[in-house]
$ cat query31.tsv   # TSV, C-alpha atoms
chain	number	residue	atom	x	y	z
A	1	MET	CA	16.84	-15.99	0.12
A	2	ALA	CA	15.58	-16.51	-3.41
A	3	VAL	CA	12.58	-15.21	-5.32
A	4	LYS	CA	10.08	-17.87	-6.41
A	5	ASN	CA	7.84	-17.65	-9.47
A	6	LEU	CA	4.33	-18.96	-8.98
A	7	LYS	CA	2.54	-21.26	-11.39
A	8	PRO	CA	-0.09	-18.96	-12.98
A	9	ASN	CA	-3.27	-20.77	-12.02
A	10	THR	CA	-5.05	-17.40	-11.89
A	11	PRO	CA	-4.51	-14.10	-13.76
A	12	GLY	CA	-3.27	-12.46	-10.58
A	13	GLN	CA	-0.49	-15.02	-10.22
A	14	ARG	CA	0.92	-14.49	-13.69
A	15	GLY	CA	3.13	-11.58	-12.73
A	16	MET	CA	3.43	-12.53	-9.07
A	17	THR	CA	6.58	-13.64	-7.26
A	18	THR	CA	7.19	-14.44	-3.63
A	19	ARG	CA	10.15	-15.10	-1.39
A	20	ASP	CA	11.12	-18.53	-0.19
A	21	PHE	CA	11.43	-19.11	3.51
A	22	ASP	CA	14.48	-21.36	3.49
A	23	ALA	CA	16.32	-19.02	5.88
A	24	ILE	CA	13.44	-19.09	8.40
A	25	THR	CA	14.02	-21.72	11.08
A	26	ALA	CA	11.06	-21.07	13.42
A	27	LYS	CA	7.41	-20.78	12.38
A	28	LYS	CA	5.99	-19.26	15.56
A	29	PRO	CA	7.33	-16.27	17.51
A	30	LEU	CA	8.16	-16.28	21.21
A	31	LYS	CA	4.99	-15.25	23.06
A	32	SER	CA	6.88	-13.21	25.65
A	33	LEU	CA	8.35	-10.97	22.92
A	34	ILE	CA	5.16	-10.06	21.01
A	35	VAL	CA	2.28	-7.66	21.60
A	36	LYS	CA	-1.01	-7.19	19.79
A	37	LYS	CA	-1.10	-4.59	17.03
A	38	LYS	CA	-4.10	-2.32	17.34
A	39	GLN	CA	-5.88	-1.56	14.09
A	40	THR	CA	-6.49	2.21	13.85
A	41	ALA	CA	-7.19	2.51	10.09
A	42	GLY	CA	-5.29	5.81	10.12
A	43	ARG	CA	-7.69	7.48	12.58
A	44	ASN	CA	-6.87	9.41	15.75
A	45	ASN	CA	-8.67	9.31	19.10
A	46	ALA	CA	-11.41	11.57	17.70
A	47	GLY	CA	-12.12	9.17	14.85
A	48	ARG	CA	-10.78	11.51	12.18
A	49	ILE	CA	-8.51	10.21	9.44
A	50	THR	CA	-5.03	11.60	10.01
A	51	THR	CA	-3.19	9.20	7.69
A	52	ARG	CA	-4.96	8.34	4.46
A	53	HIS	CA	-4.93	5.03	2.58
A	54	LYS	CA	-4.79	2.83	5.67
A	55	GLY	CA	-7.25	0.19	6.83
A	56	GLY	CA	-8.03	-3.48	6.84
A	57	GLY	CA	-5.17	-5.89	6.43
A	58	ALA	CA	-4.28	-9.18	8.04
A	59	LYS	CA	-4.11	-9.36	11.81
A	60	ARG	CA	-0.57	-9.44	13.13
A	61	HIS	CA	1.53	-9.06	16.25
A	62	ILE	CA	4.37	-6.63	16.85
A	63	ARG	CA	7.73	-8.25	17.60
A	64	ASN	CA	9.60	-6.42	20.36
A	65	VAL	CA	12.95	-6.00	18.63
A	66	ASN	CA	15.82	-4.88	20.89
A	67	PHE	CA	17.56	-2.05	19.03
A	68	ALA	CA	19.86	-1.27	21.99
A	69	LEU	CA	21.41	-4.57	23.03
A	70	PRO	CA	23.20	-3.92	26.37
A	71	ALA	CA	27.00	-3.83	26.40
A	72	GLY	CA	28.53	-7.01	27.77
A	73	THR	CA	25.91	-9.27	26.22
A	74	THR	CA	27.06	-12.60	24.84
A	75	ALA	CA	24.23	-14.51	23.21
A	76	THR	CA	23.53	-17.59	21.12
A	77	ILE	CA	21.37	-17.43	17.98
A	78	GLU	CA	18.46	-19.83	18.52
A	79	ALA	CA	16.29	-19.07	15.47
A	80	ILE	CA	15.85	-16.87	12.42
A	81	GLU	CA	12.24	-15.68	12.21
A	82	TYR	CA	9.90	-13.81	9.88
A	83	ASP	CA	8.59	-10.44	11.05
A	84	PRO	CA	5.35	-9.25	9.37
A	85	GLY	CA	6.05	-5.67	10.40
A	86	ARG	CA	9.37	-5.21	8.56
A	87	SER	CA	11.20	-6.28	5.43
A	88	ALA	CA	14.18	-7.75	7.30
A	89	ASN	CA	14.27	-11.07	9.12
A	90	ILE	CA	14.85	-11.10	12.87
A	91	ALA	CA	17.03	-13.37	14.99
A	92	ARG	CA	15.96	-14.77	18.34
A	93	ILE	CA	18.95	-14.83	20.66
A	94	LYS	CA	19.44	-16.08	24.22
A	95	ASP	CA	21.96	-14.19	26.36
A	96	GLN	CA	24.22	-15.42	29.15
A	97	ASP	CA	21.49	-14.73	31.74
A	98	GLY	CA	18.90	-16.82	29.93
A	99	GLN	CA	16.99	-13.78	28.62
A	100	TYR	CA	15.59	-13.78	25.09
A	101	HIS	CA	15.89	-10.88	22.63
A	102	TYR	CA	14.93	-10.20	19.05
A	103	VAL	CA	17.53	-8.41	16.90
A	104	ILE	CA	17.71	-7.52	13.21
A	105	ALA	CA	19.28	-10.52	11.47
A	106	ALA	CA	22.35	-10.09	9.29
A	107	GLY	CA	22.52	-12.02	6.05
A	108	LYS	CA	25.21	-14.43	7.32
A	109	MET	CA	23.70	-15.19	10.73
A	110	LYS	CA	23.25	-18.91	11.38
A	111	VAL	CA	21.50	-20.82	14.13
A	112	GLY	CA	24.02	-21.77	16.83
A	113	GLY	CA	26.26	-18.79	16.14
A	114	LYS	CA	27.36	-16.30	18.78
A	115	VAL	CA	26.76	-12.55	18.93
A	116	GLN	CA	28.40	-10.11	21.31
A	117	SER	CA	27.82	-6.50	22.25
A	118	GLY	CA	30.22	-4.01	23.82
A	119	GLU	CA	33.61	-2.40	23.35
A	120	ASP	CA	35.44	-5.70	23.77
A	121	ALA	CA	33.39	-7.53	21.13
A	122	PRO	CA	35.47	-8.94	18.23
A	123	VAL	CA	34.95	-7.63	14.71
A	124	ALA	CA	32.59	-10.29	13.33
A	125	VAL	CA	29.24	-10.35	11.55
A	126	GLY	CA	26.38	-9.75	13.98
A	127	ASN	CA	28.51	-8.27	16.76
A	128	ARG	CA	27.61	-4.83	18.08
A	129	MET	CA	30.19	-2.26	19.17
A	130	PRO	CA	30.98	1.49	19.08
A	131	LEU	CA	31.99	2.96	15.73
A	132	LYS	CA	35.41	3.96	17.13
A	133	ASN	CA	36.26	0.27	17.69
A	134	MET	CA	35.53	-0.76	14.10
A	135	PRO	CA	38.14	-0.70	11.33
A	136	ALA	CA	37.59	1.90	8.61
A	137	GLY	CA	35.82	0.42	5.60
A	138	SER	CA	33.59	-1.88	7.67
A	139	THR	CA	30.06	-2.60	6.42
A	140	ILE	CA	27.55	-1.92	9.19
A	141	TYR	CA	23.84	-1.65	9.93
A	142	ALA	CA	21.46	-0.83	12.82
A	143	ILE	CA	23.32	2.41	13.57
A	144	GLU	CA	22.57	4.74	16.46
A	145	LEU	CA	22.17	8.46	15.78
A	146	THR	CA	22.19	9.34	19.48
A	147	PRO	CA	24.38	7.11	21.69
A	148	GLY	CA	22.22	4.98	23.97
A	149	ARG	CA	18.99	5.61	22.10
A	150	GLY	CA	19.12	2.46	19.98
A	151	ALA	CA	19.44	1.74	16.27
A	152	GLN	CA	17.68	4.21	13.99
A	153	LEU	CA	19.55	3.99	10.67
A	154	VAL	CA	19.97	1.14	8.13
A	155	ARG	CA	17.43	-1.41	9.38
A	156	SER	CA	15.59	-2.55	6.21
A	157	ALA	CA	16.25	-5.68	4.18
A	158	GLY	CA	19.47	-5.85	2.16
A	159	THR	CA	20.84	-2.50	3.37
A	160	GLY	CA	24.31	-1.73	4.66
A	161	ALA	CA	26.33	1.40	5.38
A	162	GLN	CA	30.09	1.90	5.20
A	163	LEU	CA	32.35	3.39	7.84
A	164	THR	CA	34.51	5.63	5.66
A	165	ALA	CA	36.57	7.70	8.13
A	166	LYS	CA	37.24	8.07	11.85
A	167	GLU	CA	37.99	11.29	13.70
A	168	ASP	CA	38.27	12.03	17.41
A	169	ASP	CA	34.64	12.54	18.39
A	170	TYR	CA	32.89	11.67	15.13
A	171	CYS	CA	33.01	9.07	12.40
A	172	GLN	CA	31.94	9.49	8.79
A	173	VAL	CA	29.43	6.91	7.57
A	174	LYS	CA	28.22	6.51	3.99
A	175	LEU	CA	24.53	5.58	4.14
A	176	PRO	CA	22.65	3.48	1.53
A	177	SER	CA	21.17	6.68	0.05
A	178	GLY	CA	24.66	7.95	-0.80
A	179	GLU	CA	24.66	10.54	1.98
A	180	VAL	CA	27.87	10.81	4.00
A	181	ARG	CA	27.06	11.71	7.58
A	182	ARG	CA	29.02	12.43	10.76
A	183	ILE	CA	27.95	10.23	13.68
A	184	ALA	CA	29.33	10.23	17.23
A	185	SER	CA	32.24	7.81	17.67
A	186	ASN	CA	30.67	6.18	20.74
A	187	ALA	CA	27.42	5.40	18.88
A	188	MET	CA	26.79	1.67	18.50
A	189	ALA	CA	26.35	-0.27	15.25
A	190	THR	CA	26.30	-3.89	14.11
A	191	ILE	CA	28.81	-5.47	11.72
A	192	GLY	CA	27.38	-6.87	8.49
A	193	VAL	CA	24.55	-6.37	6.00
A	194	VAL	CA	20.85	-6.83	6.79
A	195	GLY	CA	19.53	-10.13	5.46
A	196	ASN	CA	16.66	-10.89	3.07
A	197	ALA	CA	18.43	-8.97	0.32
A	198	ASN	CA	16.06	-10.01	-2.48
A	199	HIS	CA	13.06	-8.41	-0.79
A	200	GLN	CA	13.10	-5.58	-3.34
A	201	ASN	CA	12.74	-8.06	-6.23
A	202	VAL	CA	9.43	-9.53	-5.06
A	203	LYS	CA	6.47	-8.56	-7.29
A	204	LEU	CA	3.13	-8.34	-5.52
A	205	GLY	CA	1.22	-9.18	-8.69
A	206	LYS	CA	-2.25	-8.14	-7.56
A	207	ALA	CA	-4.00	-5.48	-5.52
A	208	GLY	CA	-5.18	-7.98	-2.91
A	209	ARG	CA	-1.68	-8.48	-1.53
A	210	LYS	CA	-1.43	-4.74	-0.92
A	211	ARG	CA	-4.77	-4.79	0.90
A	212	LYS	CA	-3.53	-7.57	3.18
A	213	MET	CA	-0.74	-5.22	4.21
A	214	GLY	CA	-3.34	-2.72	5.38
A	215	ILE	CA	-2.79	-0.32	2.46
A	216	ARG	CA	-5.95	1.00	0.80
A	217	PRO	CA	-6.21	2.42	-2.75
A	218	THR	CA	-4.94	5.90	-3.59
A	219	VAL	CA	-7.06	8.15	-5.83
A	220	ARG	CA	-5.23	10.87	-7.78
A	221	GLY	CA	-6.29	14.43	-7.17
A	222	VAL	CA	-6.50	15.26	-10.90
A	223	VAL	CA	-9.39	12.83	-11.38
A	224	MET	CA	-11.45	14.38	-8.56
A	225	ASN	CA	-13.91	17.23	-8.71
A	226	ALA	CA	-12.72	20.74	-8.02
A	227	ALA	CA	-14.61	20.73	-4.71
A	228	ASP	CA	-12.68	17.67	-3.49
A	229	HIS	CA	-9.09	18.52	-4.34
A	230	PRO	CA	-7.00	21.50	-5.52
A	231	HIS	CA	-5.94	19.45	-8.57
A	232	GLY	CA	-9.51	18.58	-9.52
A	233	GLY	CA	-11.88	20.13	-12.02
A	234	GLY	CA	-11.59	20.88	-15.70
A	235	ASP	CA	-13.86	20.62	-18.68
A	236	GLY	CA	-13.71	16.88	-19.04
A	237	GLY	CA	-11.11	14.68	-20.58
A	238	ARG	CA	-7.52	14.42	-19.37
A	239	HIS	CA	-6.00	17.50	-17.87
A	240	GLY	CA	-3.08	18.68	-15.78
A	241	ILE	CA	-2.96	19.88	-12.21
A	242	GLY	CA	-5.78	22.30	-11.54
A	243	GLY	CA	-7.69	21.50	-14.71
A	244	GLY	CA	-8.51	24.37	-17.02
A	245	VAL	CA	-8.89	26.93	-14.20
A	246	ASN	CA	-5.57	26.62	-12.36
A	247	HIS	CA	-3.42	24.83	-14.90
A	248	GLY	CA	0.33	25.04	-14.18
A	249	ALA	CA	-0.01	25.89	-10.50
A	250	ALA	CA	2.26	24.26	-7.92
A	251	PRO	CA	1.10	20.79	-6.77
A	252	ARG	CA	-0.92	20.81	-3.54
A	253	THR	CA	-2.19	18.41	-0.91
A	254	PRO	CA	-5.98	17.94	-0.54
A	255	TRP	CA	-5.85	20.73	2.06
A	256	GLY	CA	-4.03	23.23	-0.14
A	257	GLN	CA	-0.51	22.82	1.29
A	258	LYS	CA	2.31	22.85	-1.28
A	259	THR	CA	3.87	19.47	-1.99
A	260	LEU	CA	6.22	17.68	-4.44
A	261	GLY	CA	9.31	19.79	-3.89
A	262	TYR	CA	8.09	21.94	-1.03
A	263	LYS	CA	10.68	21.38	1.71
A	264	THR	CA	9.27	20.56	5.13
A	265	ARG	CA	12.40	19.12	6.75
A	266	SER	CA	13.96	21.07	9.61
A	267	ARG	CA	17.59	21.83	8.76
A	268	ARG	CA	18.61	23.49	12.02
A	269	LYS	CA	19.94	20.41	13.82
A	270	SER	CA	20.84	17.87	11.18
A	271	ASN	CA	22.47	19.72	8.28
A	272	LYS	CA	25.71	20.39	10.13
A	273	MET	CA	26.23	16.61	10.45
A	274	ILE	CA	25.86	15.93	6.71
A	275	VAL	CA	29.23	15.88	4.92
A	276	ARG	CA	27.85	14.98	1.49
A	277	SER	CA	24.19	15.24	0.51
A	278	ARG	CA	22.42	12.29	-1.06
A	279	HIS	CA	21.32	14.66	-3.86
A	280	GLU	CA	24.82	15.69	-5.01
A	281	GLY	CA	25.12	12.95	-7.62
A	282	LYS	CA	21.78	13.95	-9.15
A	283	ARG	CA	22.84	17.55	-9.76
A	284	ARG	CA	25.66	16.67	-12.13

$ encode --input "query31.tsv" --output "C-alpha coordinates"
Amino acid sequence: MAVKNLKPNTPGQRGMTTRDFDAITAKKPLKSLIVKKKQTAGRNNAGRITTRHKGGGAKRHIRNVNFALPAGTTATIEAIEYDPGRSANIARIKDQDGQYHYVIAAGKMKVGGKVQSGEDAPVAVGNRMPLKNMPAGSTIYAIELTPGRGAQLVRSAGTGAQLTAKEDDYCQVKLPSGEVRRIASNAMATIGVVGNANHQNVKLGKAGRKRKMGIRPTVRGVVMNAADHPHGGGDGGRHGIGGGVNHGAAPRTPWGQKTLGYKTRSRRKSNKMIVRSRHEGKRR
(Lines of atoms letter the chains of each structure in order from A and count residues from 1; the text may use other names and numbers.)
(Lines give C-alpha, C1' and ligand atoms only; values in the text may rest on other atoms or scores of the structure.)
Protein backbone atom coordinates (compact mmCIF):
# COMPACT_ATOMS: atom_id res chain seq x y z
CA MET A 1 0.00 0.00 0.00
CA ALA A 2 1.29 3.44 -0.93
CA VAL A 3 0.25 6.95 0.01
CA LYS A 4 -1.03 9.10 -2.86
CA ASN A 5 -0.77 12.88 -3.06
CA LEU A 6 -3.81 14.61 -4.49
CA LYS A 7 -3.70 17.34 -7.10
CA PRO A 8 -4.63 20.49 -5.11
CA ASN A 9 -7.74 21.59 -6.97
CA THR A 10 -9.09 23.01 -3.70
CA PRO A 11 -7.38 24.44 -0.58
CA GLY A 12 -8.43 21.41 1.43
CA GLN A 13 -6.61 19.07 -0.94
CA ARG A 14 -3.28 20.87 -0.70
CA GLY A 15 -2.13 19.04 2.41
CA MET A 16 -4.27 15.96 1.85
CA THR A 17 -3.05 12.45 1.08
CA THR A 18 -4.94 9.21 0.69
CA ARG A 19 -4.13 5.54 0.40
CA ASP A 20 -4.25 3.63 -2.84
CA PHE A 21 -6.41 0.56 -3.02
CA ASP A 22 -4.12 -1.63 -5.11
CA ALA A 23 -4.19 -4.37 -2.46
CA ILE A 24 -8.01 -4.45 -2.41
CA THR A 25 -9.36 -7.14 -4.73
CA ALA A 26 -13.11 -6.95 -3.99
CA LYS A 27 -15.23 -3.79 -3.99
CA LYS A 28 -18.32 -5.13 -2.22
CA PRO A 29 -18.46 -7.14 1.01
CA LEU A 30 -20.20 -10.48 1.42
CA LYS A 31 -23.80 -9.75 2.47
CA SER A 32 -23.96 -12.70 4.85
CA LEU A 33 -21.01 -11.32 6.88
CA ILE A 34 -22.20 -7.73 7.43
CA VAL A 35 -24.73 -6.07 9.73
CA LYS A 36 -26.07 -2.53 9.85
CA LYS A 37 -24.29 -0.10 12.15
CA LYS A 38 -26.73 1.84 14.30
CA GLN A 39 -25.98 5.54 14.63
CA THR A 40 -26.19 6.52 18.32
CA ALA A 41 -24.30 9.85 18.21
CA GLY A 42 -22.77 8.97 21.58
CA ARG A 43 -26.14 8.82 23.37
CA ASN A 44 -27.50 6.10 25.65
CA ASN A 45 -31.04 4.70 25.80
CA ALA A 46 -32.17 7.77 27.77
CA GLY A 47 -30.96 10.12 25.06
CA ARG A 48 -28.15 11.55 27.19
CA ILE A 49 -24.69 12.04 25.72
CA THR A 50 -22.35 9.52 27.34
CA THR A 51 -19.51 9.84 24.80
CA ARG A 52 -18.82 13.34 23.54
CA HIS A 53 -17.68 14.39 20.06
CA LYS A 54 -19.61 11.70 18.20
CA GLY A 55 -22.32 12.12 15.57
CA GLY A 56 -23.03 12.21 11.88
CA GLY A 57 -20.64 10.42 9.59
CA ALA A 58 -21.08 8.27 6.52
CA LYS A 59 -23.37 5.28 6.74
CA ARG A 60 -21.51 1.99 6.96
CA HIS A 61 -21.90 -1.68 7.76
CA ILE A 62 -20.04 -3.69 10.37
CA ARG A 63 -18.00 -6.59 9.01
CA ASN A 64 -18.28 -9.69 11.20
CA VAL A 65 -14.60 -10.48 11.61
CA ASN A 66 -13.82 -13.90 13.09
CA PHE A 67 -11.21 -13.30 15.79
CA ALA A 68 -11.33 -16.94 16.99
CA LEU A 69 -10.90 -19.08 13.89
CA PRO A 70 -11.66 -22.70 14.96
CA ALA A 71 -8.77 -25.15 15.24
CA GLY A 72 -8.56 -27.52 12.29
CA THR A 73 -9.63 -24.90 9.77
CA THR A 74 -7.96 -24.95 6.37
CA ALA A 75 -9.14 -22.11 4.17
CA THR A 76 -8.41 -20.41 0.86
CA ILE A 77 -8.05 -16.63 0.60
CA GLU A 78 -10.68 -15.43 -1.87
CA ALA A 79 -10.37 -11.65 -1.53
CA ILE A 80 -8.68 -8.80 0.32
CA GLU A 81 -11.28 -6.20 1.30
CA TYR A 82 -11.53 -2.72 2.81
CA ASP A 83 -13.19 -2.40 6.22
CA PRO A 84 -14.56 1.08 7.07
CA GLY A 85 -14.58 0.23 10.76
CA ARG A 86 -10.85 -0.44 11.20
CA SER A 87 -7.47 0.64 9.90
CA ALA A 88 -6.43 -2.85 8.78
CA ASN A 89 -7.61 -4.65 5.67
CA ILE A 90 -9.58 -7.87 6.05
CA ALA A 91 -9.34 -11.13 4.11
CA ARG A 92 -12.35 -13.14 3.01
CA ILE A 93 -11.55 -16.82 3.33
CA LYS A 94 -13.50 -19.98 2.48
CA ASP A 95 -12.89 -23.02 4.69
CA GLN A 96 -12.98 -26.72 3.86
CA ASP A 97 -16.72 -26.86 4.67
CA GLY A 98 -17.60 -24.05 2.29
CA GLN A 99 -18.13 -21.50 5.08
CA TYR A 100 -16.94 -17.92 4.66
CA HIS A 101 -15.05 -15.93 7.30
CA TYR A 102 -13.47 -12.52 7.58
CA VAL A 103 -10.05 -12.36 9.26
CA ILE A 104 -7.51 -9.57 9.78
CA ALA A 105 -5.28 -9.58 6.70
CA ALA A 106 -1.51 -9.86 7.06
CA GLY A 107 0.65 -7.71 4.83
CA LYS A 108 1.83 -10.66 2.69
CA MET A 109 -1.54 -12.36 2.21
CA LYS A 110 -2.41 -12.97 -1.44
CA VAL A 111 -5.56 -14.16 -3.16
CA GLY A 112 -5.39 -17.92 -3.70
CA GLY A 113 -3.16 -18.51 -0.70
CA LYS A 114 -3.94 -20.95 2.10
CA VAL A 115 -4.39 -20.27 5.81
CA GLN A 116 -4.60 -22.86 8.55
CA SER A 117 -5.55 -22.81 12.21
CA GLY A 118 -4.65 -25.27 14.96
CA GLU A 119 -1.71 -26.92 16.68
CA ASP A 120 -0.67 -28.77 13.53
CA ALA A 121 -0.59 -25.64 11.34
CA PRO A 122 2.83 -24.93 9.75
CA VAL A 123 4.73 -21.78 10.68
CA ALA A 124 3.74 -19.51 7.78
CA VAL A 125 2.31 -16.01 7.37
CA GLY A 126 -1.43 -15.96 8.07
CA ASN A 127 -1.54 -19.28 9.93
CA ARG A 128 -2.99 -19.33 13.43
CA MET A 129 -1.64 -21.53 16.23
CA PRO A 130 -0.87 -21.56 19.98
CA LEU A 131 2.09 -19.50 21.15
CA LYS A 132 3.84 -22.64 22.46
CA ASN A 133 4.04 -24.02 18.89
CA MET A 134 5.75 -20.93 17.46
CA PRO A 135 9.53 -20.49 17.37
CA ALA A 136 10.93 -17.79 19.65
CA GLY A 137 11.46 -14.54 17.80
CA SER A 138 8.37 -14.93 15.61
CA THR A 139 6.44 -11.79 14.60
CA ILE A 140 2.76 -12.22 15.43
CA TYR A 141 -0.55 -10.37 15.59
CA ALA A 142 -4.21 -10.95 16.58
CA ILE A 143 -3.17 -12.36 19.96
CA GLU A 144 -5.54 -13.82 22.54
CA LEU A 145 -5.31 -12.64 26.14
CA THR A 146 -7.64 -15.37 27.39
CA PRO A 147 -7.45 -18.69 25.51
CA GLY A 148 -10.62 -19.27 23.51
CA ARG A 149 -11.88 -15.71 23.79
CA GLY A 150 -10.51 -14.53 20.45
CA ALA A 151 -7.90 -12.00 19.38
CA GLN A 152 -7.72 -8.87 21.51
CA LEU A 153 -4.16 -7.57 21.05
CA VAL A 154 -2.28 -6.22 17.99
CA ARG A 155 -5.09 -5.82 15.46
CA SER A 156 -4.50 -2.36 13.91
CA ALA A 157 -2.78 -1.58 10.62
CA GLY A 158 0.98 -2.13 10.41
CA THR A 159 1.34 -3.55 13.92
CA GLY A 160 3.20 -6.68 14.99
CA ALA A 161 4.37 -8.18 18.28
CA GLN A 162 7.37 -10.40 18.94
CA LEU A 163 7.45 -13.69 20.80
CA THR A 164 10.57 -13.18 22.91
CA ALA A 165 10.62 -16.15 25.32
CA LYS A 166 8.75 -19.36 26.10
CA GLU A 167 8.22 -20.89 29.53
CA ASP A 168 6.08 -23.82 30.65
CA ASP A 169 2.68 -22.17 31.08
CA TYR A 170 3.41 -18.67 29.79
CA CYS A 171 5.19 -16.96 26.94
CA GLN A 172 6.69 -13.48 26.94
CA VAL A 173 5.48 -11.23 24.13
CA LYS A 174 6.85 -7.78 23.31
CA LEU A 175 3.90 -5.62 22.21
CA PRO A 176 4.08 -2.67 19.78
CA SER A 177 3.98 -0.25 22.73
CA GLY A 178 7.24 -1.70 24.08
CA GLU A 179 5.52 -3.53 26.93
CA VAL A 180 6.69 -7.10 27.56
CA ARG A 181 3.79 -9.20 28.78
CA ARG A 182 3.27 -12.78 29.91
CA ILE A 183 0.52 -14.56 27.97
CA ALA A 184 -0.71 -18.14 28.39
CA SER A 185 1.17 -20.61 26.18
CA ASN A 186 -2.04 -22.11 24.80
CA ALA A 187 -3.36 -18.70 23.67
CA MET A 188 -3.70 -18.41 19.89
CA ALA A 189 -2.01 -15.87 17.62
CA THR A 190 -1.41 -15.37 13.90
CA ILE A 191 2.00 -15.33 12.22
CA GLY A 192 2.94 -12.12 10.42
CA VAL A 193 2.39 -8.36 10.53
CA VAL A 194 -0.96 -6.64 9.97
CA GLY A 195 -1.21 -5.14 6.49
CA ASN A 196 -1.89 -1.56 5.35
CA ALA A 197 1.28 -0.41 7.08
CA ASN A 198 1.24 3.13 5.64
CA HIS A 199 -2.10 3.95 7.25
CA GLN A 200 -0.36 6.17 9.81
CA ASN A 201 1.15 8.32 7.04
CA VAL A 202 -2.17 9.39 5.53
CA LYS A 203 -2.97 13.09 6.12
CA LEU A 204 -6.67 13.91 6.36
CA GLY A 205 -6.11 17.45 5.10
CA LYS A 206 -9.47 18.93 6.08
CA ALA A 207 -12.05 18.79 8.85
CA GLY A 208 -14.70 17.30 6.57
CA ARG A 209 -12.92 13.94 6.38
CA LYS A 210 -13.02 13.73 10.17
CA ARG A 211 -16.74 14.49 10.14
CA LYS A 212 -17.34 11.66 7.67
CA MET A 213 -15.79 9.34 10.25
CA GLY A 214 -18.47 10.39 12.72
CA ILE A 215 -16.11 12.52 14.84
CA ARG A 216 -17.42 15.95 15.83
CA PRO A 217 -15.31 18.97 16.86
CA THR A 218 -13.70 19.18 20.30
CA VAL A 219 -13.82 22.48 22.20
CA ARG A 220 -11.09 23.08 24.80
CA GLY A 221 -12.20 23.69 28.35
CA VAL A 222 -9.94 26.75 28.79
CA VAL A 223 -11.91 28.69 26.18
CA MET A 224 -15.25 28.05 27.90
CA ASN A 225 -16.97 30.05 30.60
CA ALA A 226 -16.40 29.15 34.22
CA ALA A 227 -19.98 27.84 34.45
CA ASP A 228 -19.37 25.35 31.63
CA HIS A 229 -16.05 23.78 32.56
CA PRO A 230 -13.60 23.66 35.50
CA HIS A 231 -10.89 25.07 33.21
CA GLY A 232 -13.04 27.99 32.08
CA GLY A 233 -13.21 31.58 33.24
CA GLY A 234 -10.60 34.27 33.64
CA ASP A 235 -10.43 37.96 32.96
CA GLY A 236 -10.19 37.73 29.22
CA GLY A 237 -7.26 36.99 27.00
CA ARG A 238 -5.30 33.75 27.05
CA HIS A 239 -5.02 31.96 30.33
CA GLY A 240 -4.09 28.63 31.86
CA ILE A 241 -6.26 25.98 33.41
CA GLY A 242 -8.78 27.54 35.75
CA GLY A 243 -8.23 31.09 34.54
CA GLY A 244 -7.30 33.68 37.12
CA VAL A 245 -9.33 32.06 39.93
CA ASN A 246 -7.98 28.49 39.97
CA HIS A 247 -4.75 28.85 38.04
CA GLY A 248 -2.33 25.93 38.51
CA ALA A 249 -4.93 23.45 39.71
CA ALA A 250 -4.89 19.85 38.46
CA PRO A 251 -6.62 19.34 35.07
CA ARG A 252 -10.24 18.18 35.32
CA THR A 253 -12.97 16.74 33.13
CA PRO A 254 -16.12 18.83 32.52
CA TRP A 255 -17.61 17.08 35.57
CA GLY A 256 -14.74 17.86 37.92
CA GLN A 257 -12.97 14.47 37.83
CA LYS A 258 -9.17 14.62 37.73
CA THR A 259 -7.61 13.78 34.38
CA LEU A 260 -4.28 13.95 32.48
CA GLY A 261 -2.20 11.78 34.77
CA TYR A 262 -4.92 10.62 37.14
CA LYS A 263 -4.71 6.82 36.99
CA THR A 264 -8.02 5.04 36.45
CA ARG A 265 -6.70 1.64 35.34
CA SER A 266 -7.29 -1.32 37.64
CA ARG A 267 -3.94 -2.92 38.49
CA ARG A 268 -5.21 -5.87 40.52
CA LYS A 269 -5.42 -8.42 37.71
CA SER A 270 -3.11 -7.27 34.96
CA ASN A 271 0.05 -5.90 36.59
CA LYS A 272 1.36 -9.32 37.60
CA MET A 273 1.46 -10.31 33.90
CA ILE A 274 3.55 -7.31 32.83
CA VAL A 275 7.29 -8.11 32.76
CA ARG A 276 8.40 -4.72 31.45
CA SER A 277 6.24 -1.60 31.43
CA ARG A 278 5.81 0.41 28.25
CA HIS A 279 6.83 3.50 30.27
CA GLU A 280 10.27 2.24 31.35
CA GLY A 281 12.11 3.73 28.38
CA LYS A 282 10.56 7.15 29.05
CA ARG A 283 11.86 7.32 32.62
CA ARG A 284 15.52 7.21 31.64

$ residues_around --input "query31.tsv" --residues "Val35 in chain A" --least-positions-apart "2" --cutoff "9 Å" --atoms "only C-alpha atoms" --output "PyMOL selection string"
chain A and resi 31-33+37+61-64

$ closest_residue --input "query31.tsv" --among "A:Lys272, A:Lys110, A:Arg92, A:His199" --to "Thr17 in chain A" --atoms "all atoms listed in the file"
A:His199

$ atom_distance --input "query31.tsv" --atom1 "CA of Lys36 in chain A" --atom2 "CA of Ala58 in chain A"
12.4 Å

$ residues_around --input "query31.tsv" --residues "Glu78 in chain A" --least-positions-apart "3" --cutoff "7 Å" --atoms "only C-alpha atoms" --output "MDAnalysis selection string"
chainID A and resid 92:94 111:112

$ write_last_selection --input "query31.tsv" --atoms "C-alpha atoms" --output "short mmCIF file (atom, residue, chain, number, x, y, z; two decimals), in the frame of the given file"
data_model
loop_
_atom_site.label_atom_id
_atom_site.label_comp_id
_atom_site.auth_asym_id
_atom_site.auth_seq_id
_atom_site.Cartn_x
_atom_site.Cartn_y
_atom_site.Cartn_z
CA ARG A 92 15.96 -14.77 18.34
CA ILE A 93 18.95 -14.83 20.66
CA LYS A 94 19.44 -16.08 24.22
CA VAL A 111 21.50 -20.82 14.13
CA GLY A 112 24.02 -21.77 16.83
#

$ residues_around --input "query31.tsv" --residues "Val223 in chain A" --least-positions-apart "5" --cutoff "8 Å" --atoms "all atoms listed in the file" --output "PyMOL selection string"
chain A and resi 231-233

$ closest_residue --input "query31.tsv" --among "A:Pro251, A:Gly137, A:Gly192, A:Gly281" --to "Ala165 in chain A" --atoms "all atoms listed in the file"
A:Gly137

$ atom_distance --input "query31.tsv" --atom1 "CA of Thr76 in chain A" --atom2 "CA of Ala189 in chain A"
18.5 Å

$ residues_around --input "query31.tsv" --residues "Leu163 in chain A" --least-positions-apart "4" --cutoff "9 Å" --atoms "all atoms listed in the file" --output "list in words"
Leu131, Met134, Pro135, Ala136, Gly137, Ser138, Thr139, Ile140, Cys171, Gln172, Val173, Lys174 and Leu175 of chain A

$ closest_residue --input "query31.tsv" --among "A:Gly55, A:Gly47, A:Gly113, A:Pro230" --to "Ile215 in chain A" --atoms "all atoms listed in the file"
A:Gly55

$ atom_distance --input "query31.tsv" --atom1 "CA of Val275 in chain A" --atom2 "CA of Glu119 in chain A"
26.3 Å

$ closest_residue --input "query31.tsv" --among "A:Arg268, A:Gln39, A:Lys263, A:Thr253" --to "Gly56 in chain A" --atoms "all atoms listed in the file"
A:Gln39

$ residues_near_point --input "query31.tsv" --point "(13.0, -2.6, 0.6)" --cutoff "8 Å" --atoms "only C-alpha atoms" --output "PyMOL selection string"
chain A and resi 87+156-158+199-200

$ closest_residue --input "query31.tsv" --among "A:Gly221, A:Gly208, A:Gly236, A:Gly107" --to "Ile191 in chain A" --atoms "all atoms listed in the file"
A:Gly107

$ residues_near_point --input "query31.tsv" --point "(9.8, -11.7, 12.9)" --cutoff "10 Å" --atoms "all atoms listed in the file" --output "count of residues only"
29

$ residues_around --input "query31.tsv" --residues "Thr51 in chain A" --least-positions-apart "4" --cutoff "10 Å" --atoms "all atoms listed in the file" --output "list in words"
Thr40, Ala41, Gly42, Arg43, Asn44 and Gly55 of chain A

$ closest_residue --input "query31.tsv" --among "A:Gly150, A:Pro8, A:Gly214, A:Gly72" --to "Asp120 in chain A" --atoms "only C-alpha atoms"
A:Gly72
